[in-house]
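Trainee: There's a structure below that I have some questions on.
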Amino acid sequence: MGALGLAPSAEAATKAPFQPPRPSDFRLRGRAAARVLILGGGVAGLAAAYELGKAGYHCTVLEARDRVGGRNLTLRGGDRLTEMGGAAQRAEFGRGQYMNAGPARIAQWMTTMDYCRELGVPLEVFTNTNAEALIYNESAGMDAPVKWRTAKADVYGYISELLAKATDQGALNGRLTADDKERLLSFLADFGAIGPKSGGYAYTGTGRRGYAVDPGAGAQAGTVLGPPPSLSDVLASGVGRSLSFEFGYSQAMLMFQPVGGMDAIPRALAEAVGKGRIRTGAKVTGITDRTGGTRVEYVQNGRTRAAEADYVIAALPPHILARIPHNLGANVQAALGTPVPASTGKIGIEYDGRWWERDENIYGGITNTDLDLATIWYPSYGYHGRSGLLIGYYNFGSAADAYARMTHAQRLRRALDQGAKIHGPRYRRGVTASVSIAWSRQEHIEGGWIGWPDRGAEYRLLNEPQGNVYFCGDWLSHEIAWQHGSFESARKVVTELHQRVLKS
Ligand code: PHE
């Protein structure tokens with residue numbers, strides 16, 4: 001059936017093919033590699049410099065912040081983090097502890113994986129979903145969190161019961177043949193762990209929910225957790241809303257992270273590009289497109305400087321670019337003002353013990369809530385170590401804005417108060433260090449990512465070069481807020497620019 005296309009089959013999708021520019025591309029054409037100024041040393045800008053560098057392009061990366069990577073930021077003990085408005089924090093995390101303040105997970109299909117392979121960035125599994133992690137919906141009146149496994153068992157169980165009843169009673173006869181019905185009932189018996197026809201296919205709970213006393217040796221069969229709440233209570237709890245998360249193409253396990261911190265990726269890229277080609281603390285103040293070239297003004301160490309090149313790749317966020325004077329015209333300016341920045345924030349909380357592992361069997365994964373902390377992330381590294389660092393909130397939109405307005409001390413207090421609703425008073429004890437980031441308040445970035453009202457004319461315009469200026473970034477891709485989008489955009493721009501240089 002698979003061969004005939006009649007059943008699901010295991011095929012990996014193909015990626016947009018990419019051939020990096022090669023020195024030999026120039027040999028027979030009498031062309032030479034061009035000079036390219038790359039504005040922004042985030043993942044997109046670095047990837048563009050890296051790929052163009054393979055063919056000998058003369059690239060210079062101008063990065064306004066004091067380090068490369070952009071939103072790919074890993075915070076460790078000793079790091080400083082300053083917000084717009086001046087608030088400064090110093091991470092006091094212990095050795096070996098880190099917080100991925102920006103990107104933190106990579107799906108197996110993403111181009112990010114290919115760059116990790118090529119650059120020798122070692123990877124380990126990042127646990128995105130964990131049966132032992134929790135779901136807590138305060139607004140539904142839940143008085144305690146439930147484990148993902150319990151929520152799944154109950155939701156799948158009751159849905160299976162309902163569908164089995166409807167099928168058996170003939171409600172779906174217009175849709176199902178007799179054979180279909182038999183096969184569906186057999187599937188539901190297994191999928192939902194429901195009872196037999198004689199008992200009305202009732203879902204009554206099984207060990208899938210978990211155990212009050214774990215199975216052990218001899219006569220210790222274990223005590224199944226139960227009985228399950230009623231169908232009505234399960235629906236009212238809203239736990240089912242969390243379950244589709246892991247079905248997403250970008251969020252399904254397995255997922256991966258670089259060993260020791262996500263910034264291994266920009267570090268490896270910068271190494272490959274060559275430190276001498278990257279200027280940090282260089283804030284772009286003007287972009288001029290001219291016949292046959294470009295001119296960029298920037299301020300570094302308080303001095304205004306200018307650089308000239310054949311091409312510019314502007315790999316900055318659109319709302320930042322929109323504030324830089326340029327001569328690319330009103331349409332470009334309007335297009336740059338179209339995408340809307342989105343807020344997000346995280347807090348890293350270090351504890352003097354890994355109580356989530358020791359007391360709750362949670363080894364990585366994410367707790368989902370309807371609190372303003374949105375999610376709590378348990379570390380996918382350092383298991384059974386003496387200390388540990390969890391992400392006390394990773395939130396979005398108005399919740400992220402609310403935390404952004406607080407001081408760090410207020411953010412921590414609120415995160416601990418909210419988290420204690422899930423993990424109890426012990427959540428407030430043993431905290432040894434913490435750092436919080438509000439991406440809307442990070443200078444030169446000012447947002448977690450952007451959203452396009454629609455990917456309309458403005459999106460298409462900025463996906464085309466404007467004179468000698470190209471635009472680049474995850475915001476010009478169909479995977480916004482993923483490094484994959486940055487890498488794919490960089491490859492697209494590099495390919496187009498290189499083809500143009502070969503023809504020019
Ligand atoms: N890539 C980010 C994350 O996984 C942001 C994001 C969230 C993007 C959800 C799309 C969907 O958290």
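Note on naming: chains are A, B, ... as they come in the structure tokens, residues start from 1 per chain, ligands start from 1 in the order shown.
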Could you name the residues that touch A:Pro325 at 10 Å or less, counting only C-alpha atoms, but leaving out those on the same chain fewer than 2 positions away, as a list in words?
Mentor: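 Counting only C-alpha atoms, the residues come to Val284, Thr285, Gly286, Ile287, Thr288, Glu297, Leu321, Ala322, Arg323, Asn327, Leu328 and Gln333 of chain A.
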Trainee: Select the residues contacting ligand 1 at a distance of at most 10 Å, based on only C-alpha atoms and all ligand atoms, then format the selection as a compact mmCIF listing (two decimals) with N, CA, C and O atoms, in the first residue's frame.
Mentor:
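Just written: pocket.txt:
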# COMPACT_ATOMS: atom_id res chain seq x y z
N GLY A 102 18.07 32.54 24.08
CA GLY A 102 17.35 32.61 22.82
C GLY A 102 17.00 31.20 22.37
O GLY A 102 16.41 30.44 23.14
N PRO A 103 17.36 30.84 21.11
CA PRO A 103 17.03 29.50 20.62
C PRO A 103 17.57 28.42 21.55
O PRO A 103 18.64 28.56 22.13
N ALA A 104 16.79 27.33 21.68
CA ALA A 104 17.16 26.29 22.63
C ALA A 104 16.84 24.90 22.12
O ALA A 104 17.12 23.92 22.80
N ARG A 105 16.20 24.81 20.93
CA ARG A 105 15.85 23.46 20.44
C ARG A 105 15.95 23.45 18.92
O ARG A 105 15.67 24.44 18.26
N ILE A 106 16.36 22.29 18.40
CA ILE A 106 16.56 22.13 16.96
C ILE A 106 15.85 20.85 16.54
O ILE A 106 16.08 19.80 17.13
N ALA A 107 15.00 20.95 15.52
CA ALA A 107 14.35 19.74 14.99
C ALA A 107 15.31 19.05 14.02
O ALA A 107 16.15 19.68 13.39
N ASN A 128 11.94 17.80 24.46
CA ASN A 128 10.90 18.81 24.26
C ASN A 128 9.58 18.38 24.88
O ASN A 128 8.81 19.23 25.33
N PHE A 245 0.83 20.03 20.74
CA PHE A 245 2.14 20.68 20.62
C PHE A 245 3.16 19.75 19.96
O PHE A 245 3.87 20.13 19.03
N GLY A 248 3.48 19.04 16.02
CA GLY A 248 3.99 20.04 15.09
C GLY A 248 5.28 19.59 14.41
O GLY A 248 6.12 18.93 15.03
N TYR A 249 5.44 19.98 13.17
CA TYR A 249 6.61 19.58 12.38
C TYR A 249 7.89 20.06 13.05
O TYR A 249 8.92 19.40 12.99
N SER A 250 7.84 21.22 13.68
CA SER A 250 9.05 21.82 14.26
C SER A 250 9.26 21.45 15.72
O SER A 250 10.30 21.77 16.28
N GLN A 251 8.28 20.85 16.36
CA GLN A 251 8.38 20.64 17.81
C GLN A 251 8.38 19.17 18.20
O GLN A 251 8.40 18.85 19.40
N THR A 344 9.05 38.15 23.80
CA THR A 344 9.25 36.89 24.49
C THR A 344 10.28 37.12 25.59
O THR A 344 11.06 38.07 25.51
N TYR A 394 9.24 30.83 30.09
CA TYR A 394 9.49 31.18 28.69
C TYR A 394 8.10 31.53 28.18
O TYR A 394 7.25 30.67 28.03
N ASN A 395 7.87 32.83 28.03
CA ASN A 395 6.52 33.28 27.72
C ASN A 395 6.53 34.23 26.53
O ASN A 395 7.59 34.57 26.00
N PHE A 396 5.36 34.65 26.14
CA PHE A 396 5.18 35.36 24.88
C PHE A 396 4.19 36.51 25.07
O PHE A 396 3.45 36.55 26.04
N GLY A 448 11.53 39.28 20.12
CA GLY A 448 11.90 37.87 20.03
C GLY A 448 11.99 37.44 18.57
O GLY A 448 12.89 36.71 18.16
N TRP A 449 11.03 37.89 17.82
CA TRP A 449 10.96 37.63 16.38
C TRP A 449 9.90 38.57 15.83
O TRP A 449 9.42 39.44 16.56
N GLU A 479 10.09 29.91 8.24
CA GLU A 479 10.30 29.39 9.60
C GLU A 479 10.86 30.53 10.45
O GLU A 479 12.02 30.53 10.86
N ILE A 480 10.01 31.52 10.69
CA ILE A 480 10.38 32.63 11.55
C ILE A 480 10.58 32.10 12.97
O ILE A 480 9.91 31.16 13.38
N ALA A 481 11.53 32.71 13.67
CA ALA A 481 11.84 32.33 15.05
C ALA A 481 12.50 30.97 15.16
O ALA A 481 12.40 30.29 16.19
N TRP A 482 13.14 30.56 14.09
CA TRP A 482 13.98 29.36 14.11
C TRP A 482 15.28 29.70 13.38
O TRP A 482 15.26 30.39 12.36
N GLN A 483 16.39 29.15 13.88
CA GLN A 483 17.66 29.35 13.18
C GLN A 483 17.59 28.77 11.77
O GLN A 483 18.25 29.26 10.86
N HIS A 484 16.81 27.74 11.60
CA HIS A 484 16.58 27.18 10.26
C HIS A 484 16.21 28.28 9.27
O HIS A 484 16.73 28.31 8.15
N GLY A 485 15.32 29.17 9.68
CA GLY A 485 14.89 30.25 8.80
C GLY A 485 16.05 31.18 8.46
O GLY A 485 16.18 31.65 7.31
Trainee: With distances taken over only C-alpha atoms, which of A:Tyr211, A:Gly456, A:Pro227, A:Phe18 is nearest to A:Thr111?
Mentor: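 Residue with the minimum atom-to-atom distance to A:Thr111: A:Phe18.
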Trainee: From a DSSP calculation on the backbone, collect every residue of stretch 66-262 of chain A in strand (DSSP E or B) and output the set as a PyMOL selection string.
Mentor: chain A and resi 69+74-76+80-82+88-90+98-100+106-107+123-126+134-136+146-147+211-213+223-224+255-258
Trainee: Generate the output file for the selected residues, N, CA, C and O atoms, as a tab-separated table (two decimals), in the first residue's frame.
Mentor:
chain	number	residue	atom	x	y	z
A	69	GLY	N	26.20	36.54	17.25
A	69	GLY	CA	25.19	35.52	17.58
A	69	GLY	C	23.78	36.07	17.58
A	69	GLY	O	22.84	35.34	17.38
A	74	THR	N	23.84	32.49	24.80
A	74	THR	CA	23.93	31.58	25.95
A	74	THR	C	24.56	32.35	27.10
A	74	THR	O	25.60	32.97	26.92
A	75	LEU	N	23.91	32.31	28.26
A	75	LEU	CA	24.42	33.05	29.43
A	75	LEU	C	25.01	32.06	30.43
A	75	LEU	O	24.39	31.05	30.77
A	76	ARG	N	26.22	32.40	30.87
A	76	ARG	CA	26.94	31.57	31.85
A	76	ARG	C	27.42	32.45	32.99
A	76	ARG	O	27.35	33.68	32.90
A	80	ARG	N	27.49	39.38	31.64
A	80	ARG	CA	26.65	40.54	31.98
A	80	ARG	C	25.55	40.67	30.94
A	80	ARG	O	25.76	40.37	29.76
A	81	LEU	N	24.40	41.12	31.39
A	81	LEU	CA	23.28	41.34	30.47
A	81	LEU	C	22.68	42.69	30.79
A	81	LEU	O	22.22	42.92	31.91
A	82	THR	N	22.70	43.58	29.81
A	82	THR	CA	22.18	44.93	30.02
A	82	THR	C	20.92	45.11	29.19
A	82	THR	O	20.85	44.64	28.06
A	88	ALA	N	21.09	46.36	34.57
A	88	ALA	CA	22.15	45.41	34.26
A	88	ALA	C	22.10	44.23	35.22
A	88	ALA	O	21.79	44.40	36.40
A	89	GLN	N	22.38	43.06	34.72
A	89	GLN	CA	22.46	41.86	35.56
A	89	GLN	C	23.80	41.20	35.32
A	89	GLN	O	24.37	41.32	34.23
A	90	ARG	N	24.26	40.48	36.31
A	90	ARG	CA	25.44	39.66	36.14
A	90	ARG	C	25.05	38.23	36.49
A	90	ARG	O	24.48	37.99	37.56
A	98	TYR	N	24.37	26.68	32.30
A	98	TYR	CA	24.14	27.72	31.31
A	98	TYR	C	22.66	27.84	31.01
A	98	TYR	O	21.87	26.94	31.31
A	99	MET	N	22.33	28.97	30.41
A	99	MET	CA	20.94	29.25	30.04
A	99	MET	C	20.94	29.68	28.58
A	99	MET	O	21.61	30.65	28.21
A	100	ASN	N	20.24	28.94	27.74
A	100	ASN	CA	20.05	29.39	26.36
A	100	ASN	C	18.94	30.44	26.39
A	100	ASN	O	17.77	30.11	26.48
A	106	ILE	N	16.36	22.29	18.40
A	106	ILE	CA	16.56	22.13	16.96
A	106	ILE	C	15.85	20.85	16.54
A	106	ILE	O	16.08	19.80	17.13
A	107	ALA	N	15.00	20.95	15.52
A	107	ALA	CA	14.35	19.74	14.99
A	107	ALA	C	15.31	19.05	14.02
A	107	ALA	O	16.15	19.68	13.39
A	123	LEU	N	26.29	17.58	19.35
A	123	LEU	CA	24.87	17.69	19.71
A	123	LEU	C	24.50	16.65	20.75
A	123	LEU	O	25.15	15.62	20.88
A	124	GLU	N	23.43	16.93	21.47
A	124	GLU	CA	22.81	15.95	22.36
A	124	GLU	C	21.30	16.15	22.28
A	124	GLU	O	20.84	17.18	21.77
A	125	VAL	N	20.56	15.18	22.78
A	125	VAL	CA	19.10	15.27	22.70
A	125	VAL	C	18.59	16.40	23.59
A	125	VAL	O	19.05	16.57	24.73
A	126	PHE	N	17.69	17.17	23.06
A	126	PHE	CA	16.93	18.13	23.85
A	126	PHE	C	15.54	17.56	24.03
A	126	PHE	O	14.85	17.26	23.05
A	134	LEU	N	4.66	18.33	33.50
A	134	LEU	CA	3.33	18.64	34.03
A	134	LEU	C	2.51	19.56	33.14
A	134	LEU	O	3.06	20.27	32.29
A	135	ILE	N	1.21	19.52	33.37
A	135	ILE	CA	0.29	20.48	32.76
A	135	ILE	C	-0.52	21.08	33.90
A	135	ILE	O	-1.00	20.36	34.78
A	136	TYR	N	-0.63	22.40	33.89
A	136	TYR	CA	-1.37	23.07	34.96
A	136	TYR	C	-2.17	24.23	34.40
A	136	TYR	O	-1.60	25.19	33.88
A	146	VAL	N	-1.20	18.05	36.59
A	146	VAL	CA	-1.22	16.63	36.21
A	146	VAL	C	-0.01	16.34	35.35
A	146	VAL	O	0.52	17.23	34.67
A	147	LYS	N	0.44	15.10	35.39
A	147	LYS	CA	1.53	14.67	34.52
A	147	LYS	C	1.00	14.59	33.08
A	147	LYS	O	-0.17	14.26	32.85
A	211	TYR	N	1.25	5.60	38.37
A	211	TYR	CA	1.03	4.78	39.55
A	211	TYR	C	1.12	5.61	40.82
A	211	TYR	O	1.95	6.51	40.92
A	212	ALA	N	0.28	5.27	41.79
A	212	ALA	CA	0.41	5.85	43.13
A	212	ALA	C	1.54	5.13	43.87
A	212	ALA	O	2.28	5.74	44.63
A	213	VAL	N	1.62	3.82	43.65
A	213	VAL	CA	2.75	3.02	44.13
A	213	VAL	C	3.33	2.30	42.92
A	213	VAL	O	2.60	1.59	42.22
A	223	THR	N	0.19	0.20	42.39
A	223	THR	CA	-1.18	0.72	42.53
A	223	THR	C	-1.41	1.76	41.46
A	223	THR	O	-0.75	2.80	41.46
A	224	VAL	N	-2.31	1.45	40.54
A	224	VAL	CA	-2.58	2.38	39.45
A	224	VAL	C	-3.20	3.65	40.02
A	224	VAL	O	-4.04	3.61	40.92
A	255	MET	N	14.39	16.11	19.48
A	255	MET	CA	14.99	17.39	19.16
A	255	MET	C	16.39	17.43	19.76
A	255	MET	O	16.76	16.57	20.57
A	256	PHE	N	17.19	18.42	19.33
A	256	PHE	CA	18.60	18.44	19.70
A	256	PHE	C	19.06	19.80	20.19
A	256	PHE	O	18.41	20.82	19.92
A	257	GLN	N	20.17	19.81	20.91
A	257	GLN	CA	20.83	21.04	21.34
A	257	GLN	C	22.34	20.82	21.27
A	257	GLN	O	22.80	19.70	21.47
A	258	PRO	N	23.10	21.88	21.00
A	258	PRO	CA	24.55	21.75	21.08
A	258	PRO	C	24.97	21.47	22.52
A	258	PRO	O	24.41	22.05	23.45
Trainee: Near A:Ala101, counting only C-alpha atoms, which residues have an atom at most 10 Å away, once you skip same-chain residues fewer than 3 positions from it, shown as a count of residues only?
Mentor: 21
Trainee: List the spatial neighbours of A:Ala49 as a list in words - criterion: any atom at most 10 Å away, only C-alpha atoms, same-chain residues fewer than 2 positions off excluded.
Mentor: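 Contacts, with the query itself left out: Val36, Leu37, Ile38, Gly41, Val43, Ala44, Gly45, Leu46, Ala47, Glu51, Leu52, Gly53, Lys54, Tyr57, His58, Cys59, Thr60, Val61, Leu269, Ala270, Ala272, Val273, Gly274, Arg277, Ile278, Ile313, Ala490 and Val494 of chain A.
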Trainee: Excluding same-chain residues fewer than 3 positions from stretch 409-420 of chain A, what lies within 12 Å of it counting only C-alpha atoms, as a CSV table (one decimal) with N, CA, C and O atoms, in the first residue's frame?
Mentor:
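In the end it all went to around.csv:
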chain,number,residue,atom,x,y,z
A,87,ALA,N,19.1,48.8,33.0
A,87,ALA,CA,19.2,47.8,34.1
A,87,ALA,C,20.2,46.7,33.6
A,87,ALA,O,20.2,46.3,32.5
A,88,ALA,N,21.1,46.4,34.6
A,88,ALA,CA,22.2,45.4,34.3
A,88,ALA,C,22.1,44.2,35.2
A,88,ALA,O,21.8,44.4,36.4
A,89,GLN,N,22.4,43.1,34.7
A,89,GLN,CA,22.5,41.9,35.6
A,89,GLN,C,23.8,41.2,35.3
A,89,GLN,O,24.4,41.3,34.2
A,134,LEU,N,4.7,18.3,33.5
A,134,LEU,CA,3.3,18.6,34.0
A,134,LEU,C,2.5,19.6,33.1
A,134,LEU,O,3.1,20.3,32.3
A,135,ILE,N,1.2,19.5,33.4
A,135,ILE,CA,0.3,20.5,32.8
A,135,ILE,C,-0.5,21.1,33.9
A,135,ILE,O,-1.0,20.4,34.8
A,136,TYR,N,-0.6,22.4,33.9
A,136,TYR,CA,-1.4,23.1,35.0
A,136,TYR,C,-2.2,24.2,34.4
A,136,TYR,O,-1.6,25.2,33.9
A,137,ASN,N,-3.5,24.1,34.5
A,137,ASN,CA,-4.4,25.2,34.0
A,137,ASN,C,-5.1,25.8,35.2
A,137,ASN,O,-6.2,25.3,35.6
A,138,GLU,N,-4.6,26.9,35.7
A,138,GLU,CA,-5.2,27.5,36.9
A,138,GLU,C,-6.6,28.0,36.6
A,138,GLU,O,-7.5,27.8,37.4
A,144,ALA,N,-4.2,21.0,41.3
A,144,ALA,CA,-2.9,20.5,41.3
A,144,ALA,C,-2.5,20.2,39.8
A,144,ALA,O,-3.4,20.0,39.0
A,145,PRO,N,-1.2,20.2,39.5
A,145,PRO,CA,-0.9,19.9,38.1
A,145,PRO,C,-1.1,18.4,37.8
A,145,PRO,O,-1.2,17.6,38.8
A,345,GLY,N,10.2,36.3,26.6
A,345,GLY,CA,11.2,36.4,27.7
A,345,GLY,C,11.5,35.1,28.4
A,345,GLY,O,10.7,34.1,28.2
A,346,LYS,N,12.6,35.0,29.1
A,346,LYS,CA,12.9,33.8,29.8
A,346,LYS,C,13.6,34.2,31.1
A,346,LYS,O,14.3,35.3,31.2
A,347,ILE,N,13.5,33.4,32.1
A,347,ILE,CA,14.3,33.5,33.3
A,347,ILE,C,15.0,32.2,33.6
A,347,ILE,O,14.4,31.1,33.4
A,348,GLY,N,16.3,32.3,33.8
A,348,GLY,CA,17.1,31.1,34.2
A,348,GLY,C,17.2,31.1,35.8
A,348,GLY,O,17.6,32.1,36.3
A,349,ILE,N,16.8,30.0,36.4
A,349,ILE,CA,16.9,29.9,37.9
A,349,ILE,C,17.8,28.7,38.2
A,349,ILE,O,17.5,27.6,37.9
A,350,GLU,N,18.8,29.0,38.9
A,350,GLU,CA,19.7,27.9,39.4
A,350,GLU,C,19.4,27.6,40.8
A,350,GLU,O,19.2,28.4,41.6
A,351,TYR,N,19.4,26.2,41.0
A,351,TYR,CA,19.1,25.7,42.4
A,351,TYR,C,20.3,24.9,42.9
A,351,TYR,O,21.1,24.4,42.1
A,367,THR,N,7.0,21.9,31.3
A,367,THR,CA,5.7,21.9,31.9
A,367,THR,C,4.9,23.1,31.3
A,367,THR,O,5.5,24.1,31.0
A,368,ASN,N,3.7,22.8,30.9
A,368,ASN,CA,2.8,23.7,30.2
A,368,ASN,C,1.8,24.3,31.2
A,368,ASN,O,1.2,23.5,31.9
A,369,THR,N,1.6,25.6,31.2
A,369,THR,CA,0.6,26.2,32.1
A,369,THR,C,-0.2,27.3,31.4
A,369,THR,O,0.2,27.7,30.3
A,370,ASP,N,-1.2,27.7,32.0
A,370,ASP,CA,-1.9,28.9,31.5
A,370,ASP,C,-1.6,30.1,32.4
A,370,ASP,O,-2.2,31.1,32.4
A,371,LEU,N,-0.6,29.9,33.3
A,371,LEU,CA,-0.1,31.0,34.1
A,371,LEU,C,0.7,32.0,33.2
A,371,LEU,O,1.1,31.6,32.1
A,372,ASP,N,1.0,33.2,33.7
A,372,ASP,CA,1.8,34.1,32.8
A,372,ASP,C,3.2,33.6,32.6
A,372,ASP,O,3.9,34.2,31.8
A,373,LEU,N,3.7,32.6,33.4
A,373,LEU,CA,5.0,32.1,33.1
A,373,LEU,C,5.0,31.1,31.9
A,373,LEU,O,6.0,30.8,31.3
A,374,ALA,N,3.8,30.7,31.4
A,374,ALA,CA,3.6,29.9,30.2
A,374,ALA,C,4.2,28.5,30.3
A,374,ALA,O,3.5,27.5,30.4
A,375,THR,N,5.6,28.5,30.4
A,375,THR,CA,6.2,27.2,30.4
A,375,THR,C,7.4,27.2,31.4
A,375,THR,O,8.0,28.2,31.6
A,376,ILE,N,7.7,26.0,32.0
A,376,ILE,CA,8.9,25.8,32.8
A,376,ILE,C,9.7,24.7,32.1
A,376,ILE,O,9.1,23.7,31.7
A,377,TRP,N,11.0,25.0,31.8
A,377,TRP,CA,11.8,24.0,31.1
A,377,TRP,C,12.8,23.4,32.1
A,377,TRP,O,13.6,24.2,32.7
A,390,LEU,N,17.0,25.6,35.8
A,390,LEU,CA,15.8,25.5,34.9
A,390,LEU,C,15.3,26.8,34.4
A,390,LEU,O,15.8,27.9,34.9
A,391,ILE,N,14.5,26.8,33.4
A,391,ILE,CA,13.9,28.0,32.8
A,391,ILE,C,12.6,28.2,33.5
A,391,ILE,O,11.7,27.4,33.3
A,392,GLY,N,12.5,29.2,34.4
A,392,GLY,CA,11.3,29.4,35.2
A,392,GLY,C,10.2,30.0,34.5
A,392,GLY,O,9.0,29.9,34.9
A,393,TYR,N,10.4,30.7,33.4
A,393,TYR,CA,9.4,31.1,32.4
A,393,TYR,C,10.0,31.2,31.1
A,393,TYR,O,11.1,31.7,30.9
A,394,TYR,N,9.2,30.8,30.1
A,394,TYR,CA,9.5,31.2,28.7
A,394,TYR,C,8.1,31.5,28.2
A,394,TYR,O,7.3,30.7,28.0
A,395,ASN,N,7.9,32.8,28.0
A,395,ASN,CA,6.5,33.3,27.7
A,395,ASN,C,6.5,34.2,26.5
A,395,ASN,O,7.6,34.6,26.0
A,399,ALA,N,2.1,38.5,28.3
A,399,ALA,CA,2.8,38.0,29.5
A,399,ALA,C,4.2,38.4,29.5
A,399,ALA,O,4.8,38.9,30.5
A,400,ALA,N,4.9,38.3,28.3
A,400,ALA,CA,6.3,38.6,28.2
A,400,ALA,C,6.4,40.2,28.4
A,400,ALA,O,7.4,40.6,29.1
A,401,ASP,N,5.5,40.9,27.9
A,401,ASP,CA,5.5,42.4,28.1
A,401,ASP,C,5.4,42.8,29.6
A,401,ASP,O,6.1,43.7,30.1
A,402,ALA,N,4.5,42.0,30.3
A,402,ALA,CA,4.3,42.3,31.7
A,402,ALA,C,5.6,42.1,32.5
A,402,ALA,O,6.0,42.9,33.3
A,403,TYR,N,6.3,41.0,32.2
A,403,TYR,CA,7.6,40.7,32.9
A,403,TYR,C,8.7,41.7,32.5
A,403,TYR,O,9.5,42.1,33.2
A,404,ALA,N,8.6,42.1,31.2
A,404,ALA,CA,9.6,43.0,30.7
A,404,ALA,C,9.6,44.3,31.5
A,404,ALA,O,10.6,45.0,31.7
A,405,ARG,N,8.4,44.7,31.9
A,405,ARG,CA,8.3,46.0,32.6
A,405,ARG,C,8.8,45.9,34.1
A,405,ARG,O,9.0,46.9,34.7
A,406,MET,N,9.0,44.7,34.6
A,406,MET,CA,9.5,44.6,36.0
A,406,MET,C,11.0,44.6,36.1
A,406,MET,O,11.7,44.4,35.1
A,423,HIS,N,4.9,23.4,41.8
A,423,HIS,CA,5.9,22.6,42.5
A,423,HIS,C,5.9,22.7,44.0
A,423,HIS,O,6.7,22.1,44.7
A,424,GLY,N,5.0,23.6,44.5
A,424,GLY,CA,4.9,23.7,45.9
A,424,GLY,C,5.9,24.6,46.5
A,424,GLY,O,6.7,25.2,45.7
A,425,PRO,N,5.9,24.8,47.8
A,425,PRO,CA,6.8,25.8,48.4
A,425,PRO,C,8.3,25.6,48.2
A,425,PRO,O,9.1,26.5,48.2
A,426,ARG,N,8.6,24.3,47.9
A,426,ARG,CA,10.0,24.0,47.7
A,426,ARG,C,10.6,24.8,46.5
A,426,ARG,O,11.8,24.9,46.4
A,427,TYR,N,9.7,25.2,45.6
A,427,TYR,CA,10.2,25.9,44.4
A,427,TYR,C,10.9,27.2,44.8
A,427,TYR,O,11.7,27.7,44.0
A,428,ARG,N,10.6,27.8,46.0
A,428,ARG,CA,11.2,29.0,46.4
A,428,ARG,C,12.5,28.8,47.1
A,428,ARG,O,13.2,29.8,47.4
A,429,ARG,N,12.8,27.6,47.5
A,429,ARG,CA,14.0,27.3,48.3
A,429,ARG,C,15.2,26.9,47.5
A,429,ARG,O,15.0,26.2,46.5
A,430,GLY,N,16.4,27.3,47.9
A,430,GLY,CA,17.6,26.7,47.3
A,430,GLY,C,18.0,27.4,46.0
A,430,GLY,O,18.8,26.9,45.3
A,431,VAL,N,17.4,28.6,45.8
A,431,VAL,CA,17.8,29.4,44.6
A,431,VAL,C,19.2,30.0,44.8
A,431,VAL,O,19.4,30.7,45.8
A,432,THR,N,20.1,29.7,43.9
A,432,THR,CA,21.5,30.2,44.1
A,432,THR,C,21.8,31.3,43.1
A,432,THR,O,22.8,32.1,43.3
A,433,ALA,N,21.1,31.4,42.0
A,433,ALA,CA,21.4,32.5,41.0
A,433,ALA,C,20.2,32.6,40.0
A,433,ALA,O,19.5,31.6,39.9
A,434,SER,N,20.1,33.7,39.4
A,434,SER,CA,19.1,33.8,38.3
A,434,SER,C,19.4,35.0,37.4
A,434,SER,O,20.0,35.9,37.8
A,435,VAL,N,18.9,34.8,36.2
A,435,VAL,CA,19.1,35.9,35.2
A,435,VAL,C,17.8,35.9,34.3
A,435,VAL,O,17.3,34.8,34.0
A,436,SER,N,17.3,37.1,34.0
A,436,SER,CA,16.1,37.1,33.1
A,436,SER,C,16.4,38.0,31.9
A,436,SER,O,17.2,38.9,32.0
A,437,ILE,N,15.7,37.6,30.8
A,437,ILE,CA,15.9,38.4,29.6
A,437,ILE,C,14.5,38.8,29.1
A,437,ILE,O,13.6,37.9,29.1
A,438,ALA,N,14.4,40.0,28.7
A,438,ALA,CA,13.2,40.5,28.0
A,438,ALA,C,13.7,40.9,26.6
A,438,ALA,O,14.3,41.9,26.4
Trainee: Residues of stretch 132-199 of chain A in alpha helix (DSSP H) according to DSSP, as a PyMOL selection string?
Mentor: chain A and resi 148-168+178-192
Trainee: Under the rule that only C-alpha atoms are counted, which of A:Gly260, A:Gly86, A:Gly276, A:Gly382 is the nearest residue to A:Pro122?
Mentor: A:Gly260
Trainee: Write out as number ranges by chain each polymer residue whose atoms come within 8 Å of A:Val340, counting only C-alpha atoms; drop sequence neighbours fewer than 4 positions from it.
Mentor: A: 319, 450-453
Trainee: How would the residues just chosen look if you wrote them out with N, CA and C atoms as a tab-separated table (two decimals), in the first residue's frame?
Mentor:
chain	number	residue	atom	x	y	z
A	319	HIS	N	12.57	45.97	11.94
A	319	HIS	CA	12.22	47.19	12.68
A	319	HIS	C	13.46	47.98	13.07
A	450	ILE	N	9.54	38.44	14.58
A	450	ILE	CA	8.51	39.32	14.02
A	450	ILE	C	7.39	38.47	13.42
A	451	GLY	N	6.24	39.09	13.24
A	451	GLY	CA	5.16	38.44	12.52
A	451	GLY	C	4.76	39.31	11.33
A	452	TRP	N	4.52	38.69	10.20
A	452	TRP	CA	3.98	39.41	9.05
A	452	TRP	C	2.45	39.38	9.13
A	453	PRO	N	1.79	40.51	8.96
A	453	PRO	CA	0.33	40.49	8.89
A	453	PRO	C	-0.12	39.49	7.82
Trainee: Figure out the distance between atom CA of A:Pro339 and atom CA of A:Asp66, please, to one decimal in Å.
Mentor: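 These atoms are spaced 26.0 Å apart.
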Trainee: May I have the residues within 9 Å of A:Ala133 as a list of chain:residue names, using only C-alpha atoms and disregarding those fewer than 6 positions away in the same chain?
Mentor: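 My reading of the contact set: A:Val146, A:Lys147, A:Trp148, A:Arg149, A:Glu360, A:Asn361, A:Ile362, A:Tyr363, A:Gly364, A:Gly365, A:Ile366, A:Thr367, A:Asn368, A:Tyr378.
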